[in-house]
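S.K.: Below: one structure in structure tokens.
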Amino acid sequence: MSDYENDTDDNNAVDAANAQEAPVAVAVLTHIVKNIVDDPDAVSISTSVGRGSKLSLDVSVGPGDLGRVIGRRGRTAQSIRTVVRAAATQDGVDVDVEFIDD
Amino acid sequence: MEWVETTGISVADAKSIALDQLGIAEDDAEFEVIEEPKAGLFGRTRGEARVRARVRPAVVRGKPERKPRASADKRKESSPNRSKDGAKKERSNSTSPNRTRERPVVRDTTDRPPVDPDKVGEVAAIFLTGITEAFGCKGSVAVKRDEDEIEVTVDGDELGLMVGPRGATLLAIQDLTRVVSQRRLGDQVTRLRIDIARYRERRREALGRFANKVAQEVKESGEARMLEPMMSADRKIVHDSLAEFEGVTTRSQGEDAQRRVVVEPIVTA
């Protein structure tokens with residue numbers, strides 16, 4: 001589990017629709033989440049219309065990985081949002097990041 | 001990792017002074033209250049609160065396995081002199097580097113092999129390279145290591161987006177890089193800092209110059225100056241750069257986001 005690996009392919013969870021709407025934000029989000037979770041292959045990102053008609057990037061992760069991306073007191077989730085929102089300015093859109101529990 | 005010992009009029013006060021000294025947020029700190037202030041007559045407090053603090057060793061998993069009790073007891077044994085009478089003595093001793101070095105390692109790391117700081121730097125560098133590329137930015141990533149302290153830097157033009165307003169994005173990236181390197185390596189001992197586009201370095205320099213300018217004015221006018229609210233890391237820079245400045249002293253006051261440094265003249269009565 002502490003194996004050191006660097007095999008994350010950042011783009012295989014990104015479908016074409018996401019990539020069109022906010023390619024930079026999605027690439028950044030994918031890179032971050034895949035590096036935090038236990039199971040990078042289970043990471044998927046979809047989009048929906050969020051609050052205030054912002055683009056919502058909805059992240060789902062493998063079983064047991066949700067706590068990891070949210071972190072203590074939601075700190076990791078907050079950091080992810082900060083970075084991804086910054087990235088989204090490259091795309092010219094406002095985004096929200098939601099972590100889906102399923 | 002080293003402990004700092006601070007005093008204040010209340011425990012909360014002593015804690016936040018400790019946070020300033022360590023340059024970290026409360027979440028990242030571990031405290032031990034050594035002495036509570038004693039209530040005196042007419043609601044005055046006699047004696048100061050004394051706390052000990054250090055950077056909380058990052059624990060990613062296995063929280064249930066921690067044995068804080070046992071380690072706390074061990075620490076107590078190593079410094080029996082913490083009674084009220086011994087407090088003064090304790091204080092002068094505890095600042096010597098030897099003492100802090102001798103402290104037993106508190107967290108058990110026995111279930112993990114020792115982490116190679118170079119590996120932490122390497123993982124951090126790979127993660128940051130990926131972020132930089134994902135941002136569509138061009139930057140070169142370098143790792144500097146000084147014993148257990150690691151600084152990973154991203155240099156290049158047009159990295160402002162990754163720094164963000166007042167370094168907010170940079171801080172978030174640093175946070176995530178720590179999560180990633182701990183996650184991958186179970187790192188518990190290494191302190192990892194990130195700098196992007198030399199933001200921190202320049203901020204350190206600028207803040208140091210500003211602090212010195214204010215200190216000079218305070219010294220000349222004899223009037224205390226209150227600086228704007230800053231994060232603990234920035235307050236630490238101010239405290240540090242004025243530590244050697246003759247004729248003034250610094251302290252922090254206020255709560256949370258309103259916490260700010262006050263530069264005061266030392267009055268020789």
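For the structure tokens, the naming scheme is as follows: chains receive sequential letters (A, B, ...) according to their order of presentation, residues are indexed from 1 within each chain, and ligands are indexed from 1 in presentation order.
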Which residues of chain B are close to chain A, meaning at most 7 Å apart when you count only C-alpha atoms, and how do they look as JSON, numbers by chain?

M.R.: {"B": [130, 131, 134, 135, 161, 169, 172, 173, 175, 176, 179, 180, 183, 184, 185, 186]}

S.K.: Would you please give, as a list of chain:residue names, all residues of chain A that DSSP assigns to strand (DSSP E) based on the backbone?

M.R.: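 Filtering chain A to strand (DSSP E) leaves A:Ser44, A:Ile45, A:Ser46, A:Thr47, A:Ser48, A:Val49, A:Leu55, A:Ser56, A:Leu57, A:Asp58, A:Val59, A:Ser60, A:Val95, A:Asp96, A:Val97, A:Glu98, A:Phe99, A:Ile100.
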
S.K.: Selection from above, all heavy atoms, as a tab-separated table (two decimals), in the first residue's frame, can you write it?

M.R.:
```tsv
chain	number	residue	atom	x	y	z
A	44	SER	N	-13.77	8.14	-11.37
A	44	SER	CA	-14.40	8.67	-12.58
A	44	SER	C	-15.00	10.05	-12.30
A	44	SER	O	-15.39	10.35	-11.18
A	44	SER	CB	-15.45	7.69	-13.12
A	44	SER	OG	-16.57	7.71	-12.29
A	45	ILE	N	-15.00	10.84	-13.33
A	45	ILE	CA	-15.48	12.21	-13.19
A	45	ILE	C	-16.54	12.48	-14.24
A	45	ILE	O	-16.33	12.21	-15.42
A	45	ILE	CB	-14.32	13.21	-13.35
A	45	ILE	CG1	-13.29	12.99	-12.21
A	45	ILE	CG2	-14.82	14.65	-13.33
A	45	ILE	CD1	-11.98	13.67	-12.46
A	46	SER	N	-17.69	12.94	-13.78
A	46	SER	CA	-18.72	13.33	-14.74
A	46	SER	C	-19.12	14.77	-14.44
A	46	SER	O	-18.68	15.34	-13.45
A	46	SER	CB	-19.92	12.39	-14.63
A	46	SER	OG	-20.43	12.44	-13.33
A	47	THR	N	-19.92	15.33	-15.29
A	47	THR	CA	-20.31	16.71	-15.06
A	47	THR	C	-21.82	16.84	-14.94
A	47	THR	O	-22.57	16.01	-15.46
A	47	THR	CB	-19.85	17.62	-16.22
A	47	THR	OG1	-20.42	17.13	-17.44
A	47	THR	CG2	-18.36	17.66	-16.33
A	48	SER	N	-22.24	17.86	-14.23
A	48	SER	CA	-23.66	18.17	-14.17
A	48	SER	C	-23.78	19.67	-13.97
A	48	SER	O	-22.77	20.36	-13.82
A	48	SER	CB	-24.32	17.41	-13.01
A	48	SER	OG	-23.73	17.79	-11.79
A	49	VAL	N	-25.01	20.16	-13.99
A	49	VAL	CA	-25.20	21.58	-13.75
A	49	VAL	C	-25.31	21.81	-12.25
A	49	VAL	O	-26.17	21.24	-11.59
A	49	VAL	CB	-26.46	22.10	-14.47
A	49	VAL	CG1	-26.65	23.59	-14.17
A	49	VAL	CG2	-26.34	21.87	-15.96
A	55	LEU	N	-20.66	24.83	-13.64
A	55	LEU	CA	-20.39	23.47	-14.06
A	55	LEU	C	-19.93	22.67	-12.85
A	55	LEU	O	-18.98	23.05	-12.16
A	55	LEU	CB	-19.28	23.46	-15.12
A	55	LEU	CG	-18.89	22.10	-15.68
A	55	LEU	CD1	-20.04	21.47	-16.48
A	55	LEU	CD2	-17.65	22.23	-16.55
A	56	SER	N	-20.64	21.58	-12.56
A	56	SER	CA	-20.26	20.77	-11.41
A	56	SER	C	-19.45	19.56	-11.88
A	56	SER	O	-19.88	18.83	-12.77
A	56	SER	CB	-21.51	20.32	-10.66
A	56	SER	OG	-21.15	19.47	-9.60
A	57	LEU	N	-18.28	19.40	-11.32
A	57	LEU	CA	-17.46	18.24	-11.63
A	57	LEU	C	-17.69	17.22	-10.52
A	57	LEU	O	-17.35	17.46	-9.36
A	57	LEU	CB	-15.98	18.62	-11.70
A	57	LEU	CG	-15.61	19.76	-12.66
A	57	LEU	CD1	-14.11	20.04	-12.60
A	57	LEU	CD2	-16.06	19.44	-14.08
A	58	ASP	N	-18.31	16.11	-10.90
A	58	ASP	CA	-18.72	15.13	-9.89
A	58	ASP	C	-17.72	13.96	-9.88
A	58	ASP	O	-17.58	13.25	-10.86
A	58	ASP	CB	-20.13	14.63	-10.20
A	58	ASP	CG	-21.11	15.81	-10.31
A	58	ASP	OD1	-20.97	16.76	-9.53
A	58	ASP	OD2	-21.99	15.78	-11.21
A	59	VAL	N	-17.09	13.81	-8.74
A	59	VAL	CA	-16.04	12.81	-8.61
A	59	VAL	C	-16.58	11.59	-7.89
A	59	VAL	O	-17.14	11.73	-6.80
A	59	VAL	CB	-14.86	13.37	-7.79
A	59	VAL	CG1	-13.73	12.35	-7.67
A	59	VAL	CG2	-14.35	14.66	-8.40
A	60	SER	N	-16.42	10.42	-8.47
A	60	SER	CA	-16.69	9.24	-7.66
A	60	SER	C	-15.44	8.37	-7.63
A	60	SER	O	-14.67	8.30	-8.59
A	60	SER	CB	-17.93	8.48	-8.15
A	60	SER	OG	-17.67	7.94	-9.42
A	95	VAL	N	-16.34	26.44	-11.82
A	95	VAL	CA	-16.70	25.06	-11.51
A	95	VAL	C	-16.88	24.83	-10.02
A	95	VAL	O	-16.35	25.56	-9.19
A	95	VAL	CB	-15.64	24.04	-12.02
A	95	VAL	CG1	-15.51	24.11	-13.53
A	95	VAL	CG2	-14.30	24.27	-11.35
A	96	ASP	N	-17.69	23.83	-9.72
A	96	ASP	CA	-17.79	23.28	-8.38
A	96	ASP	C	-17.23	21.87	-8.44
A	96	ASP	O	-17.29	21.24	-9.49
A	96	ASP	CB	-19.27	23.16	-7.95
A	96	ASP	CG	-19.74	24.42	-7.25
A	96	ASP	OD1	-18.89	25.13	-6.69
A	96	ASP	OD2	-20.96	24.67	-7.27
A	97	VAL	N	-16.73	21.40	-7.33
A	97	VAL	CA	-16.31	20.00	-7.29
A	97	VAL	C	-17.16	19.30	-6.23
A	97	VAL	O	-17.24	19.74	-5.10
A	97	VAL	CB	-14.82	19.86	-6.93
A	97	VAL	CG1	-14.41	18.40	-6.87
A	97	VAL	CG2	-13.96	20.61	-7.93
A	98	GLU	N	-17.82	18.24	-6.65
A	98	GLU	CA	-18.63	17.47	-5.70
A	98	GLU	C	-18.05	16.06	-5.59
A	98	GLU	O	-17.63	15.47	-6.59
A	98	GLU	CB	-20.09	17.38	-6.18
A	98	GLU	CG	-20.81	18.71	-6.26
A	98	GLU	CD	-20.98	19.38	-4.90
A	98	GLU	OE1	-20.99	18.64	-3.88
A	98	GLU	OE2	-21.10	20.62	-4.85
A	99	PHE	N	-18.04	15.56	-4.38
A	99	PHE	CA	-17.58	14.19	-4.18
A	99	PHE	C	-18.79	13.30	-3.93
A	99	PHE	O	-19.55	13.53	-2.99
A	99	PHE	CB	-16.58	14.14	-3.02
A	99	PHE	CG	-15.37	14.98	-3.29
A	99	PHE	CD1	-15.31	16.29	-2.86
A	99	PHE	CD2	-14.31	14.46	-4.03
A	99	PHE	CE1	-14.21	17.08	-3.14
A	99	PHE	CE2	-13.20	15.25	-4.32
A	99	PHE	CZ	-13.15	16.57	-3.87
A	100	ILE	N	-18.98	12.36	-4.82
A	100	ILE	CA	-20.21	11.55	-4.80
A	100	ILE	C	-20.00	10.32	-3.93
A	100	ILE	O	-19.05	9.58	-4.10
A	100	ILE	CB	-20.57	11.09	-6.23
A	100	ILE	CG1	-20.53	12.26	-7.21
A	100	ILE	CG2	-21.93	10.40	-6.23
A	100	ILE	CD1	-21.58	13.30	-6.99
```

S.K.: Considering only C-alpha atoms, return as a ChimeraX atom specification whatever protein or nucleic-acid residues lie within 8 Å of region 247-260 of chain B, sequence-local ones (same chain, fewer than 5 positions apart) excluded.

M.R.: /B:17,20,215,218-219,226-231,235,239,242,265-267

S.K.: Quick one: pick out all helix (DSSP H, G or I) residues within chain A from a backbone DSSP run and write them as a PyMOL selection string.

M.R.: chain A and resi 16-21+23-36+40-42+51-53+66-70+72-91

S.K.: Which is closer to Glu158 (chain B) than all the others in B:Thr190, B:Arg198, B:Lys119, B:Arg145, using only C-alpha atoms?

M.R.: B:Arg198

S.K.: CA of Lys236 (chain B) to CA of Leu22 (chain B): how many Å, to one decimal?

M.R.: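 Those two atoms sit 7.2 Å apart.
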
S.K.: I'd like the contact shell of Arg178 (chain B) - 10 Å cut-off, only C-alpha atoms, skipping same-chain residues fewer than 6 positions apart - returned as a list in words.

M.R.: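 Non-adjacent residues within range: Ala58, Val120, Val123, Ala124, Ala172, Arg184, Asp187, Thr190, Arg191, Leu192, Arg193 and Ile194 of chain B.
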
S.K.: Could you take the residues named above and write them with N, CA, C and O atoms, as a short mmCIF file (atom, residue, chain, number, x, y, z; two decimals), in the first residue's frame?

M.R.:
```cif
data_model
loop_
_atom_site.label_atom_id
_atom_site.label_comp_id
_atom_site.auth_asym_id
_atom_site.auth_seq_id
_atom_site.Cartn_x
_atom_site.Cartn_y
_atom_site.Cartn_z
N ALA B 58 2.63 13.57 10.83
CA ALA B 58 1.52 13.20 9.97
C ALA B 58 1.20 11.73 10.16
O ALA B 58 2.05 10.88 10.06
N VAL B 120 10.44 10.93 -0.71
CA VAL B 120 9.33 11.87 -0.50
C VAL B 120 9.45 13.02 -1.50
O VAL B 120 8.48 13.39 -2.17
N VAL B 123 8.51 11.76 -5.02
CA VAL B 123 7.06 11.62 -5.21
C VAL B 123 6.41 13.00 -5.35
O VAL B 123 5.57 13.23 -6.22
N ALA B 124 6.84 13.93 -4.48
CA ALA B 124 6.29 15.28 -4.53
C ALA B 124 6.60 15.92 -5.88
O ALA B 124 5.74 16.58 -6.48
N ALA B 172 -2.88 25.37 -1.13
CA ALA B 172 -3.71 24.20 -1.37
C ALA B 172 -2.91 23.12 -2.10
O ALA B 172 -3.02 21.93 -1.79
N ARG B 184 1.48 7.89 -0.28
CA ARG B 184 2.30 6.93 -1.00
C ARG B 184 3.35 6.28 -0.13
O ARG B 184 3.72 5.15 -0.31
N ASP B 187 4.81 8.71 4.99
CA ASP B 187 5.83 9.59 5.55
C ASP B 187 5.40 10.19 6.88
O ASP B 187 4.32 10.70 7.01
N THR B 190 9.13 13.68 7.62
CA THR B 190 9.67 14.70 6.74
C THR B 190 8.79 15.93 6.69
O THR B 190 7.58 15.83 6.66
N ARG B 191 9.40 17.08 6.70
CA ARG B 191 8.64 18.31 6.52
C ARG B 191 8.80 18.75 5.08
O ARG B 191 9.91 18.89 4.57
N LEU B 192 7.67 18.95 4.47
CA LEU B 192 7.66 19.22 3.04
C LEU B 192 7.08 20.60 2.77
O LEU B 192 6.00 20.93 3.25
N ARG B 193 7.81 21.39 2.04
CA ARG B 193 7.31 22.70 1.64
C ARG B 193 7.35 22.83 0.13
O ARG B 193 8.20 22.24 -0.53
N ILE B 194 6.43 23.60 -0.36
CA ILE B 194 6.37 23.81 -1.80
C ILE B 194 6.53 25.30 -2.06
O ILE B 194 5.99 26.13 -1.33
#
```

S.K.: Calculated over only C-alpha atoms, which of the candidates B:Ser221, B:Ala197, B:Leu171, B:Gln182 has the smallest distance to Thr132 (chain B)?

M.R.: B:Ala197

S.K.: For CA of Glu147 (chain B) and CA of Glu205 (chain B), quote the distance in Å rounded to one decimal.

M.R.: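 Taking CA of Glu147 (chain B) as the start and CA of Glu205 (chain B) as the end point, the length is 23.4 Å.
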
S.K.: CA of Glu35 (chain B) to CA of Gln21 (chain B): how many Å, to one decimal?

M.R.: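 About the pair CA of Glu35 (chain B) and CA of Gln21 (chain B): they are 18.8 Å apart.
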
S.K.: For each of A:Asp101, A:Asp94, A:Asp39, A:Glu21, take the minimum atom-to-atom distance to Gly52 (chain A), counting only C-alpha atoms, then give the residue where this is smallest.

M.R.: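 Among the listed residues, A:Asp94 lies closest to Gly52 (chain A).
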